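Q: My structure is stored as structure.pdb, with PDB, C-alpha atoms.
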ATOM      1  CA  MET A   1     109.240 113.046 111.000  1.00  0.00           C
ATOM      2  CA  ALA A   2     107.734 112.247 107.618  1.00  0.00           C
ATOM      3  CA  GLY A   3     107.668 109.614 104.909  1.00  0.00           C
ATOM      4  CA  HIS A   4     105.602 107.485 102.597  1.00  0.00           C
ATOM      5  CA  SER A   5     104.175 104.229 103.896  1.00  0.00           C
ATOM      6  CA  LYS A   6     102.319 101.173 102.748  1.00  0.00           C
ATOM      7  CA  PHE A   7     101.618 100.238 106.363  1.00  0.00           C
ATOM      8  CA  LYS A   8      97.913  99.650 105.724  1.00  0.00           C
ATOM      9  CA  ASN A   9      99.001  97.052 103.180  1.00  0.00           C
ATOM     10  CA  ILE A  10     101.274  95.462 105.803  1.00  0.00           C
ATOM     11  CA  MET A  11      98.563  95.315 108.440  1.00  0.00           C
ATOM     12  CA  HIS A  12      95.794  93.988 106.212  1.00  0.00           C
ATOM     13  CA  ARG A  13      94.349  94.396 102.766  1.00  0.00           C
ATOM     14  CA  LYS A  14      92.354  97.600 102.861  1.00  0.00           C
ATOM     15  CA  GLY A  15      88.843  96.878 101.660  1.00  0.00           C
ATOM     16  CA  ALA A  16      89.729  93.530 100.114  1.00  0.00           C
ATOM     17  CA  GLN A  17      88.772  91.530 103.165  1.00  0.00           C
ATOM     18  CA  ASP A  18      85.181  92.762 103.234  1.00  0.00           C
ATOM     19  CA  LYS A  19      84.628  91.423 106.710  1.00  0.00           C
ATOM     20  CA  LYS A  20      81.049  90.650 107.559  1.00  0.00           C
ATOM     21  CA  ARG A  21      79.671  93.483 109.630  1.00  0.00           C
ATOM     22  CA  SER A  22      78.372  91.218 112.381  1.00  0.00           C
ATOM     23  CA  ALA A  23      81.772  89.517 112.776  1.00  0.00           C
ATOM     24  CA  MET A  24      83.500  92.898 112.988  1.00  0.00           C
ATOM     25  CA  PHE A  25      80.999  94.160 115.583  1.00  0.00           C
ATOM     26  CA  SER A  26      81.534  90.967 117.582  1.00  0.00           C
ATOM     27  CA  LYS A  27      85.302  91.593 117.735  1.00  0.00           C
ATOM     28  CA  LEU A  28      84.819  95.255 118.632  1.00  0.00           C
ATOM     29  CA  SER A  29      82.319  94.307 121.368  1.00  0.00           C
ATOM     30  CA  ARG A  30      84.738  91.791 122.840  1.00  0.00           C
ATOM     31  CA  GLU A  31      87.504  94.413 123.075  1.00  0.00           C
ATOM     32  CA  ILE A  32      85.096  96.905 124.728  1.00  0.00           C
ATOM     33  CA  THR A  33      83.997  94.304 127.312  1.00  0.00           C
ATOM     34  CA  VAL A  34      87.593  93.347 128.153  1.00  0.00           C
ATOM     35  CA  ALA A  35      88.657  96.998 128.419  1.00  0.00           C
ATOM     36  CA  ALA A  36      85.682  97.831 130.695  1.00  0.00           C
ATOM     37  CA  LYS A  37      86.438  94.813 132.899  1.00  0.00           C
ATOM     38  CA  MET A  38      90.099  95.769 133.302  1.00  0.00           C
ATOM     39  CA  GLY A  39      89.376  99.324 134.441  1.00  0.00           C
ATOM     40  CA  MET A  40      86.503 101.732 135.048  1.00  0.00           C
ATOM     41  CA  PRO A  41      83.377 101.294 132.863  1.00  0.00           C
ATOM     42  CA  ASP A  42      83.628 105.020 131.995  1.00  0.00           C
ATOM     43  CA  PRO A  43      85.559 105.765 128.761  1.00  0.00           C
ATOM     44  CA  ASP A  44      86.713 109.141 130.154  1.00  0.00           C
ATOM     45  CA  MET A  45      88.353 107.379 133.117  1.00  0.00           C
ATOM     46  CA  ASN A  46      89.650 104.356 131.189  1.00  0.00           C
ATOM     47  CA  PRO A  47      92.016 105.073 128.241  1.00  0.00           C
ATOM     48  CA  ARG A  48      91.827 101.550 126.809  1.00  0.00           C
ATOM     49  CA  LEU A  49      88.025 101.602 126.891  1.00  0.00           C
ATOM     50  CA  ARG A  50      87.985 105.014 125.211  1.00  0.00           C
ATOM     51  CA  LEU A  51      90.177 103.648 122.393  1.00  0.00           C
ATOM     52  CA  ALA A  52      87.883 100.629 122.002  1.00  0.00           C
ATOM     53  CA  VAL A  53      84.738 102.789 121.931  1.00  0.00           C
ATOM     54  CA  ASN A  54      86.324 105.163 119.390  1.00  0.00           C
ATOM     55  CA  ALA A  55      87.267 102.202 117.190  1.00  0.00           C
ATOM     56  CA  ALA A  56      83.670 100.959 117.345  1.00  0.00           C
ATOM     57  CA  LYS A  57      82.287 104.415 116.487  1.00  0.00           C
ATOM     58  CA  ALA A  58      84.690 104.649 113.524  1.00  0.00           C
ATOM     59  CA  GLN A  59      83.041 101.474 112.152  1.00  0.00           C
ATOM     60  CA  SER A  60      79.545 102.947 112.702  1.00  0.00           C
ATOM     61  CA  MET A  61      78.705 100.516 115.485  1.00  0.00           C
ATOM     62  CA  PRO A  62      75.350 101.527 117.060  1.00  0.00           C
ATOM     63  CA  LYS A  63      75.465 103.229 120.477  1.00  0.00           C
ATOM     64  CA  ASP A  64      73.216 100.522 121.969  1.00  0.00           C
ATOM     65  CA  ASN A  65      75.700  97.810 120.969  1.00  0.00           C
ATOM     66  CA  ILE A  66      78.564  99.777 122.525  1.00  0.00           C
ATOM     67  CA  GLN A  67      76.677 100.295 125.788  1.00  0.00           C
ATOM     68  CA  ARG A  68      75.661  96.618 125.892  1.00  0.00           C
ATOM     69  CA  ALA A  69      79.304  95.575 125.542  1.00  0.00           C
ATOM     70  CA  ILE A  70      80.286  97.908 128.425  1.00  0.00           C
ATOM     71  CA  ASP A  71      77.456  96.608 130.620  1.00  0.00           C
ATOM     72  CA  LYS A  72      78.470  93.011 129.942  1.00  0.00           C
ATOM     73  CA  ALA A  73      81.735  93.608 131.815  1.00  0.00           C
ATOM     74  CA  SER A  74      79.930  93.958 135.154  1.00  0.00           C
ATOM     75  CA  MET A  75      77.460  91.095 134.656  1.00  0.00           C
ATOM     76  CA  ALA A  76      77.911  88.050 136.870  1.00  0.00           C
ATOM     77  CA  GLY A  77      78.660  84.895 134.956  1.00  0.00           C
ATOM     78  CA  GLY A  78      79.604  86.760 131.778  1.00  0.00           C
ATOM     79  CA  GLU A  79      82.284  85.527 129.406  1.00  0.00           C
ATOM     80  CA  ASP A  80      85.810  85.835 130.748  1.00  0.00           C
ATOM     81  CA  TYR A  81      88.215  86.658 127.954  1.00  0.00           C
ATOM     82  CA  GLU A  82      91.993  86.647 128.176  1.00  0.00           C
ATOM     83  CA  GLU A  83      94.492  88.262 125.859  1.00  0.00           C
ATOM     84  CA  VAL A  84      96.751  85.869 123.976  1.00  0.00           C
ATOM     85  CA  ARG A  85      99.482  86.568 121.433  1.00  0.00           C
ATOM     86  CA  TYR A  86     100.732  84.074 118.859  1.00  0.00           C
ATOM     87  CA  GLU A  87     103.837  84.491 116.721  1.00  0.00           C
ATOM     88  CA  GLY A  88     104.964  82.603 113.669  1.00  0.00           C
ATOM     89  CA  TYR A  89     106.191  82.600 110.105  1.00  0.00           C
ATOM     90  CA  GLY A  90     104.174  82.682 106.912  1.00  0.00           C
ATOM     91  CA  PRO A  91     105.212  81.916 103.325  1.00  0.00           C
ATOM     92  CA  GLY A  92     108.555  83.408 102.285  1.00  0.00           C
ATOM     93  CA  GLY A  93     109.702  83.763 105.896  1.00  0.00           C
ATOM     94  CA  VAL A  94     107.247  86.568 106.656  1.00  0.00           C
ATOM     95  CA  ALA A  95     106.876  87.263 110.388  1.00  0.00           C
ATOM     96  CA  LEU A  96     103.315  87.408 111.754  1.00  0.00           C
ATOM     97  CA  ILE A  97     101.918  88.437 115.128  1.00  0.00           C
ATOM     98  CA  VAL A  98      98.355  87.358 115.920  1.00  0.00           C
ATOM     99  CA  GLU A  99      96.500  89.068 118.786  1.00  0.00           C
ATOM    100  CA  ALA A 100      93.469  87.271 120.194  1.00  0.00           C
ATOM    101  CA  LEU A 101      90.862  87.610 122.938  1.00  0.00           C
ATOM    102  CA  THR A 102      89.600  84.191 123.937  1.00  0.00           C
ATOM    103  CA  ASP A 103      87.488  82.356 126.508  1.00  0.00           C
ATOM    104  CA  ASN A 104      89.042  79.028 125.448  1.00  0.00           C
ATOM    105  CA  ARG A 105      92.801  79.117 124.975  1.00  0.00           C
ATOM    106  CA  ASN A 106      92.994  75.521 123.648  1.00  0.00           C
ATOM    107  CA  ARG A 107      90.419  76.171 120.921  1.00  0.00           C
ATOM    108  CA  THR A 108      92.136  79.360 119.768  1.00  0.00           C
ATOM    109  CA  ALA A 109      95.625  77.815 119.786  1.00  0.00           C
ATOM    110  CA  THR A 110      94.399  74.867 117.707  1.00  0.00           C
ATOM    111  CA  ASN A 111      92.663  77.131 115.184  1.00  0.00           C
ATOM    112  CA  VAL A 112      95.678  79.419 114.824  1.00  0.00           C
ATOM    113  CA  ARG A 113      98.125  76.501 114.492  1.00  0.00           C
ATOM    114  CA  THR A 114      95.898  74.871 111.842  1.00  0.00           C
ATOM    115  CA  ALA A 115      95.625  78.138 109.875  1.00  0.00           C
ATOM    116  CA  PHE A 116      99.421  78.460 109.791  1.00  0.00           C
ATOM    117  CA  SER A 117     100.115  74.834 108.845  1.00  0.00           C
ATOM    118  CA  LYS A 118      97.491  74.720 106.065  1.00  0.00           C
ATOM    119  CA  ASN A 119      98.687  77.951 104.449  1.00  0.00           C
ATOM    120  CA  GLY A 120     102.438  77.599 104.132  1.00  0.00           C
ATOM    121  CA  GLY A 121     103.384  78.834 107.599  1.00  0.00           C
ATOM    122  CA  ASN A 122     104.414  77.539 110.998  1.00  0.00           C
ATOM    123  CA  LEU A 123     103.604  78.738 114.471  1.00  0.00           C
ATOM    124  CA  GLY A 124     106.537  79.672 116.700  1.00  0.00           C
ATOM    125  CA  SER A 125     106.857  80.348 120.414  1.00  0.00           C
ATOM    126  CA  GLU A 126     105.999  83.711 121.968  1.00  0.00           C
ATOM    127  CA  GLY A 127     108.892  86.097 121.326  1.00  0.00           C
ATOM    128  CA  SER A 128     110.058  84.250 118.207  1.00  0.00           C
ATOM    129  CA  VAL A 129     109.248  87.156 115.852  1.00  0.00           C
ATOM    130  CA  SER A 130     108.199  90.136 117.993  1.00  0.00           C
ATOM    131  CA  HIS A 131     111.842  91.252 118.363  1.00  0.00           C
ATOM    132  CA  GLY A 132     111.544  92.373 114.711  1.00  0.00           C
ATOM    133  CA  PHE A 133     108.700  94.775 115.538  1.00  0.00           C
ATOM    134  CA  GLU A 134     108.291  97.930 117.622  1.00  0.00           C
ATOM    135  CA  ARG A 135     105.307  98.296 119.963  1.00  0.00           C
ATOM    136  CA  LEU A 136     103.871 101.730 119.145  1.00  0.00           C
ATOM    137  CA  GLY A 137     100.645 103.713 119.208  1.00  0.00           C
ATOM    138  CA  LEU A 138      98.969 104.113 115.799  1.00  0.00           C
ATOM    139  CA  ILE A 139      96.403 106.762 114.827  1.00  0.00           C
ATOM    140  CA  GLU A 140      95.022 106.666 111.280  1.00  0.00           C
ATOM    141  CA  TYR A 141      93.165 109.365 109.335  1.00  0.00           C
ATOM    142  CA  PRO A 142      91.821 109.258 105.770  1.00  0.00           C
ATOM    143  CA  ALA A 143      93.595 111.361 103.129  1.00  0.00           C
ATOM    144  CA  SER A 144      90.511 113.619 103.039  1.00  0.00           C
ATOM    145  CA  VAL A 145      91.373 115.306 106.382  1.00  0.00           C
ATOM    146  CA  GLY A 146      94.127 117.292 104.692  1.00  0.00           C
ATOM    147  CA  ASP A 147      97.460 117.258 102.900  1.00  0.00           C
ATOM    148  CA  GLU A 148     100.757 115.992 104.336  1.00  0.00           C
ATOM    149  CA  ASP A 149     101.803 119.412 105.671  1.00  0.00           C
ATOM    150  CA  LYS A 150      98.542 119.999 107.529  1.00  0.00           C
ATOM    151  CA  VAL A 151      98.613 116.559 109.179  1.00  0.00           C
ATOM    152  CA  LEU A 152     102.339 116.776 109.960  1.00  0.00           C
ATOM    153  CA  GLU A 153     101.849 120.140 111.670  1.00  0.00           C
ATOM    154  CA  ALA A 154      98.880 118.822 113.692  1.00  0.00           C
ATOM    155  CA  ALA A 155     100.827 115.701 114.677  1.00  0.00           C
ATOM    156  CA  ILE A 156     103.843 117.698 115.887  1.00  0.00           C
ATOM    157  CA  GLU A 157     101.540 119.959 117.920  1.00  0.00           C
ATOM    158  CA  ALA A 158      99.781 116.901 119.374  1.00  0.00           C
ATOM    159  CA  GLY A 159     103.052 115.310 120.537  1.00  0.00           C
ATOM    160  CA  ALA A 160     103.325 112.476 117.988  1.00  0.00           C
ATOM    161  CA  ASP A 161     106.671 110.890 117.069  1.00  0.00           C
ATOM    162  CA  ASP A 162     106.267 110.239 113.347  1.00  0.00           C
ATOM    163  CA  VAL A 163     103.854 110.609 110.427  1.00  0.00           C
ATOM    164  CA  GLU A 164     103.620 108.572 107.225  1.00  0.00           C
ATOM    165  CA  SER A 165     101.309 109.880 104.515  1.00  0.00           C
ATOM    166  CA  ASP A 166     100.104 108.109 101.397  1.00  0.00           C
ATOM    167  CA  MET A 167      97.919 110.399  99.314  1.00  0.00           C
ATOM    168  CA  GLY A 168      96.962 107.677  96.794  1.00  0.00           C
ATOM    169  CA  GLU A 169      93.426 106.445  96.185  1.00  0.00           C
ATOM    170  CA  ASP A 170      93.301 104.082  99.193  1.00  0.00           C
ATOM    171  CA  GLY A 171      95.868 106.049 101.165  1.00  0.00           C
ATOM    172  CA  GLY A 172      95.739 108.061 104.320  1.00  0.00           C
ATOM    173  CA  HIS A 173      97.858 109.273 107.219  1.00  0.00           C
ATOM    174  CA  SER A 174      99.478 106.967 109.801  1.00  0.00           C
ATOM    175  CA  ILE A 175     100.563 108.834 112.927  1.00  0.00           C
ATOM    176  CA  TRP A 176     102.895 107.067 115.353  1.00  0.00           C
ATOM    177  CA  THR A 177     103.333 107.672 119.080  1.00  0.00           C
ATOM    178  CA  ALA A 178     104.975 106.087 122.089  1.00  0.00           C
ATOM    179  CA  PRO A 179     102.580 103.451 123.520  1.00  0.00           C
ATOM    180  CA  ASP A 180     101.933 105.366 126.743  1.00  0.00           C
ATOM    181  CA  ALA A 181     101.299 108.631 124.845  1.00  0.00           C
ATOM    182  CA  LEU A 182      98.643 107.198 122.491  1.00  0.00           C
ATOM    183  CA  HIS A 183      95.591 108.311 124.486  1.00  0.00           C
ATOM    184  CA  GLU A 184      96.861 111.873 125.006  1.00  0.00           C
ATOM    185  CA  VAL A 185      98.052 112.359 121.390  1.00  0.00           C
ATOM    186  CA  ALA A 186      94.788 110.960 119.996  1.00  0.00           C
ATOM    187  CA  GLY A 187      92.825 113.405 122.162  1.00  0.00           C
ATOM    188  CA  ASN A 188      94.927 116.341 120.956  1.00  0.00           C
ATOM    189  CA  LEU A 189      94.588 115.280 117.305  1.00  0.00           C
ATOM    190  CA  GLU A 190      90.825 114.922 117.635  1.00  0.00           C
ATOM    191  CA  LYS A 191      90.604 118.653 118.440  1.00  0.00           C
ATOM    192  CA  ALA A 192      92.618 119.521 115.309  1.00  0.00           C
ATOM    193  CA  LEU A 193      91.521 116.909 112.758  1.00  0.00           C
ATOM    194  CA  GLY A 194      88.299 115.385 114.117  1.00  0.00           C
ATOM    195  CA  GLU A 195      87.738 111.752 115.066  1.00  0.00           C
ATOM    196  CA  ALA A 196      90.323 109.262 113.775  1.00  0.00           C
ATOM    197  CA  GLU A 197      89.554 106.143 111.732  1.00  0.00           C
ATOM    198  CA  THR A 198      91.830 104.018 113.934  1.00  0.00           C
ATOM    199  CA  VAL A 199      93.410 104.479 117.352  1.00  0.00           C
ATOM    200  CA  LYS A 200      95.213 101.411 118.654  1.00  0.00           C
ATOM    201  CA  LEU A 201      98.439  99.862 119.860  1.00  0.00           C
ATOM    202  CA  ALA A 202     100.278  98.412 116.881  1.00  0.00           C
ATOM    203  CA  TRP A 203     103.212  96.166 116.030  1.00  0.00           C
ATOM    204  CA  LYS A 204     105.311  98.068 113.473  1.00  0.00           C
ATOM    205  CA  PRO A 205     107.936  95.995 111.631  1.00  0.00           C
ATOM    206  CA  THR A 206     111.509  97.296 111.667  1.00  0.00           C
ATOM    207  CA  ILE A 207     112.275  95.582 108.328  1.00  0.00           C
ATOM    208  CA  THR A 208     109.763  94.468 105.662  1.00  0.00           C
ATOM    209  CA  VAL A 209     109.842  91.498 103.282  1.00  0.00           C
ATOM    210  CA  ALA A 210     108.840  92.085  99.636  1.00  0.00           C
ATOM    211  CA  MET A 211     106.504  89.342  98.369  1.00  0.00           C
ATOM    212  CA  ASP A 212     106.243  87.898  94.863  1.00  0.00           C
ATOM    213  CA  GLU A 213     102.814  87.062  93.415  1.00  0.00           C
ATOM    214  CA  GLY A 214     102.819  83.364  94.390  1.00  0.00           C
ATOM    215  CA  GLY A 215     103.969  83.992  97.951  1.00  0.00           C
ATOM    216  CA  ALA A 216     101.564  86.914  98.328  1.00  0.00           C
ATOM    217  CA  ALA A 217      98.546  84.794  97.286  1.00  0.00           C
ATOM    218  CA  THR A 218      99.321  82.113  99.905  1.00  0.00           C
ATOM    219  CA  LEU A 219     100.150  84.678 102.571  1.00  0.00           C
ATOM    220  CA  LEU A 220      96.916  86.615 102.082  1.00  0.00           C
ATOM    221  CA  LYS A 221      94.951  83.363 102.304  1.00  0.00           C
ATOM    222  CA  LEU A 222      96.660  82.706 105.655  1.00  0.00           C
ATOM    223  CA  VAL A 223      95.930  86.240 106.895  1.00  0.00           C
ATOM    224  CA  ASP A 224      92.263  85.961 105.801  1.00  0.00           C
ATOM    225  CA  THR A 225      91.888  82.553 107.502  1.00  0.00           C
ATOM    226  CA  LEU A 226      93.271  83.949 110.757  1.00  0.00           C
ATOM    227  CA  ASP A 227      91.166  87.088 110.476  1.00  0.00           C
ATOM    228  CA  ASP A 228      87.985  85.045 109.966  1.00  0.00           C
ATOM    229  CA  ASP A 229      88.455  83.411 113.376  1.00  0.00           C
ATOM    230  CA  ASP A 230      86.148  84.991 115.961  1.00  0.00           C
ATOM    231  CA  ASP A 231      88.864  84.985 118.633  1.00  0.00           C
ATOM    232  CA  VAL A 232      91.465  86.773 116.516  1.00  0.00           C
ATOM    233  CA  GLN A 233      91.412  90.543 116.916  1.00  0.00           C
ATOM    234  CA  THR A 234      94.314  91.667 114.721  1.00  0.00           C
ATOM    235  CA  VAL A 235      96.998  90.160 112.484  1.00  0.00           C
ATOM    236  CA  TRP A 236     100.234  92.111 112.045  1.00  0.00           C
ATOM    237  CA  GLY A 237     102.982  91.250 109.571  1.00  0.00           C
ATOM    238  CA  ASN A 238     106.244  92.509 108.118  1.00  0.00           C
ATOM    239  CA  TYR A 239     105.287  91.912 104.493  1.00  0.00           C
ATOM    240  CA  GLU A 240     105.214  94.385 101.628  1.00  0.00           C
ATOM    241  CA  ILE A 241     103.113  93.639  98.541  1.00  0.00           C
ATOM    242  CA  ALA A 242     103.434  95.858  95.468  1.00  0.00           C
ATOM    243  CA  ASP A 243     100.241  97.595  94.312  1.00  0.00           C
ATOM    244  CA  GLU A 244     100.298  95.821  90.933  1.00  0.00           C
ATOM    245  CA  ILE A 245     100.423  92.399  92.642  1.00  0.00           C
ATOM    246  CA  MET A 246      97.554  93.399  94.973  1.00  0.00           C
ATOM    247  CA  GLU A 247      95.492  94.425  91.938  1.00  0.00           C
ATOM    248  CA  LYS A 248      96.149  91.099  90.204  1.00  0.00           C
ATOM    249  CA  LEU A 249      95.143  89.157  93.311  1.00  0.00           C
ATOM    250  CA  GLY A 250      92.025  91.308  93.705  1.00  0.00           C
TER     251      GLY A 250
END
Please re-express this file's structure in structure tokens.
A:
Amino acid sequence: MAGHSKFKNIMHRKGAQDKKRSAMFSKLSREITVAAKMGMPDPDMNPRLRLAVNAAKAQSMPKDNIQRAIDKASMAGGEDYEEVRYEGYGPGGVALIVEALTDNRNRTATNVRTAFSKNGGNLGSEGSVSHGFERLGLIEYPASVGDEDKVLEAAIEAGADDVESDMGEDGGHSIWTAPDALHEVAGNLEKALGEAETVKLAWKPTITVAMDEGGAATLLKLVDTLDDDDDVQTVWGNYEIADEIMEKLG
């Protein structure tokens, strides 16, 4: 139960995307509304809603915005979002999973397909790449909460399955759990380490693909294009890009 990870690099470029705040709040709001609609509008009674609210708080989303997103779930005639997953291959045979919340499946599918085809990839059918990933709970903390030993001890106590720590400049701690244990483990960790930066269900690749500079540049353009789409919530991939290549690409 330990190890070094560049998982943040695999999930997305930390900091390099500089998402517009309003776009990020819009995605967070959509997840809160969907979570509130699927269960109770009370975060204490609805684990998915609690995760969504915690994610919004971690990004400093105002309380009023969070409450508005919860209230929207019970409004008549409000938007009706559905969860959709797309799977495909990027440059160099990299596997990508795209999670979306959409009120227009045709629009989202067209946008995702176009993003893949214009950036060296191709969209596959559902299930075409997800067999190369594990569905797990992910809890992330910044390196500042403590050293590897402190976080490892807290994670074991909290009931987590694995911890990966990267104490570099942009590093942090990635704590892995079984999907159905995520809510409970996150609650236990909060008592020991404070509020997490990220608490979510993740797709963790079983094998990663190392990218060269040319492939990495095209791939990151594809990931950014997908991420800029309002309907896309998260892009997961099995790629590994060396720090020196990331620095060159800026």
Q: If you apply the PyMOL selection byres ((chain A and resi 81) around 8) to this file, what residues do you get, as an MDAnalysis selection string?
A: chainID A and resid 34 79:80 82:83 101:103
Q: If we count only C-alpha atoms and set the cut-off at 7 Å, which residues sit around region 146-154 of chain A, ignoring sequence neighbours fewer than 2 positions away in its own chain? Please answer as a list in words.
A: Ala143, Ser144, Ile156, Glu157, Ala158, Val163, Ser165, Leu189 and Ala192 of chain A
Q: Using all atoms listed in the file, which residue out of A:Leu28, A:Leu138, A:Val185, A:Val209 lies closest to Ala155 (chain A)?
A: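 Closest to Ala155 (chain A), using all atoms listed in the file: A:Val185.
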Q: Counting all atoms listed in the file, figure out which residue out of A:Asp227, A:Ala217, A:Trp236, A:Ile139 gets nearest to Lys248 (chain A).
A: A:Ala217
Q: Residues at most 10 Å from His131 (chain A), counting all atoms listed in the file, excluding those fewer than 3 positions away in the same chain, as number ranges by chain?
A: A: 127-128, 134-135, 205-206
Q: What is the CA of Ala196 (chain A) to CA of Asp44 (chain A) distance in Å?
A: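 Taking CA of Ala196 (chain A) as the start and CA of Asp44 (chain A) as the end point, the length is 16.8 Å.
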Q: Considering only C-alpha atoms, can you say which of A:Ser74, A:Met45, A:Gly124, A:Asp162 comes closest to Gly93 (chain A)?
A: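 Of A:Ser74, A:Met45, A:Gly124, A:Asp162, the one nearest Gly93 (chain A) is A:Gly124, counting only C-alpha atoms.
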Q: Because the input lacks atoms here, generate N, CA, C and O atoms for region 37-54 of chain A and report them as an mmCIF file, in the coordinates of the input.
A:
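File written: result_18.cif
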data_model
loop_
_atom_site.group_PDB
_atom_site.id
_atom_site.type_symbol
_atom_site.label_atom_id
_atom_site.label_comp_id
_atom_site.auth_asym_id
_atom_site.auth_seq_id
_atom_site.Cartn_x
_atom_site.Cartn_y
_atom_site.Cartn_z
ATOM 1 N N LYS A 37 86.209 95.714 131.765
ATOM 2 C CA LYS A 37 86.438 94.813 132.899
ATOM 3 C C LYS A 37 87.774 95.110 133.576
ATOM 4 O O LYS A 37 87.929 94.951 134.780
ATOM 5 N N MET A 38 88.757 95.547 132.764
ATOM 6 C CA MET A 38 90.099 95.769 133.302
ATOM 7 C C MET A 38 90.226 97.095 134.046
ATOM 8 O O MET A 38 91.162 97.296 134.820
ATOM 9 N N GLY A 39 89.305 98.015 133.784
ATOM 10 C CA GLY A 39 89.376 99.324 134.441
ATOM 11 C C GLY A 39 87.978 99.820 134.755
ATOM 12 O O GLY A 39 87.054 99.048 134.970
ATOM 13 N N MET A 40 87.825 101.131 134.779
ATOM 14 C CA MET A 40 86.503 101.732 135.048
ATOM 15 C C MET A 40 85.615 101.560 133.808
ATOM 16 O O MET A 40 86.100 101.583 132.682
ATOM 17 N N PRO A 41 84.277 101.406 134.013
ATOM 18 C CA PRO A 41 83.377 101.294 132.863
ATOM 19 C C PRO A 41 83.073 102.627 132.185
ATOM 20 O O PRO A 41 82.193 102.716 131.346
ATOM 21 N N ASP A 42 83.816 103.684 132.561
ATOM 22 C CA ASP A 42 83.628 105.020 131.995
ATOM 23 C C ASP A 42 84.780 105.315 131.034
ATOM 24 O O ASP A 42 85.943 105.378 131.456
ATOM 25 N N PRO A 43 84.488 105.511 129.732
ATOM 26 C CA PRO A 43 85.559 105.765 128.761
ATOM 27 C C PRO A 43 86.465 106.951 129.117
ATOM 28 O O PRO A 43 87.648 106.941 128.798
ATOM 29 N N ASP A 44 85.901 107.978 129.793
ATOM 30 C CA ASP A 44 86.713 109.141 130.154
ATOM 31 C C ASP A 44 87.732 108.820 131.248
ATOM 32 O O ASP A 44 88.738 109.513 131.398
ATOM 33 N N MET A 45 87.461 107.758 132.019
ATOM 34 C CA MET A 45 88.353 107.379 133.117
ATOM 35 C C MET A 45 89.209 106.153 132.770
ATOM 36 O O MET A 45 90.027 105.719 133.568
ATOM 37 N N ASN A 46 88.997 105.606 131.574
ATOM 38 C CA ASN A 46 89.650 104.356 131.189
ATOM 39 C C ASN A 46 90.175 104.493 129.754
ATOM 40 O O ASN A 46 89.420 104.338 128.790
ATOM 41 N N PRO A 47 91.470 104.820 129.586
ATOM 42 C CA PRO A 47 92.016 105.073 128.241
ATOM 43 C C PRO A 47 91.805 103.917 127.261
ATOM 44 O O PRO A 47 91.454 104.143 126.102
ATOM 45 N N ARG A 48 91.990 102.684 127.736
ATOM 46 C CA ARG A 48 91.827 101.550 126.809
ATOM 47 C C ARG A 48 90.374 101.435 126.342
ATOM 48 O O ARG A 48 90.104 101.153 125.169
ATOM 49 N N LEU A 49 89.437 101.670 127.254
ATOM 50 C CA LEU A 49 88.025 101.602 126.891
ATOM 51 C C LEU A 49 87.678 102.720 125.904
ATOM 52 O O LEU A 49 86.931 102.506 124.945
ATOM 53 N N ARG A 50 88.247 103.893 126.125
ATOM 54 C CA ARG A 50 87.985 105.014 125.211
ATOM 55 C C ARG A 50 88.475 104.669 123.796
ATOM 56 O O ARG A 50 87.782 104.932 122.814
ATOM 57 N N LEU A 51 89.650 104.055 123.700
ATOM 58 C CA LEU A 51 90.177 103.648 122.393
ATOM 59 C C LEU A 51 89.250 102.635 121.735
ATOM 60 O O LEU A 51 88.971 102.700 120.540
ATOM 61 N N ALA A 52 88.766 101.677 122.538
ATOM 62 C CA ALA A 52 87.883 100.629 122.002
ATOM 63 C C ALA A 52 86.558 101.224 121.527
ATOM 64 O O ALA A 52 86.036 100.848 120.471
ATOM 65 N N VAL A 53 86.005 102.144 122.300
ATOM 66 C CA VAL A 53 84.738 102.789 121.931
ATOM 67 C C VAL A 53 84.926 103.630 120.668
ATOM 68 O O VAL A 53 84.088 103.611 119.758
ATOM 69 N N ASN A 54 86.045 104.351 120.584
ATOM 70 C CA ASN A 54 86.324 105.163 119.390
ATOM 71 C C ASN A 54 86.465 104.292 118.151
ATOM 72 O O ASN A 54 85.983 104.640 117.072
#
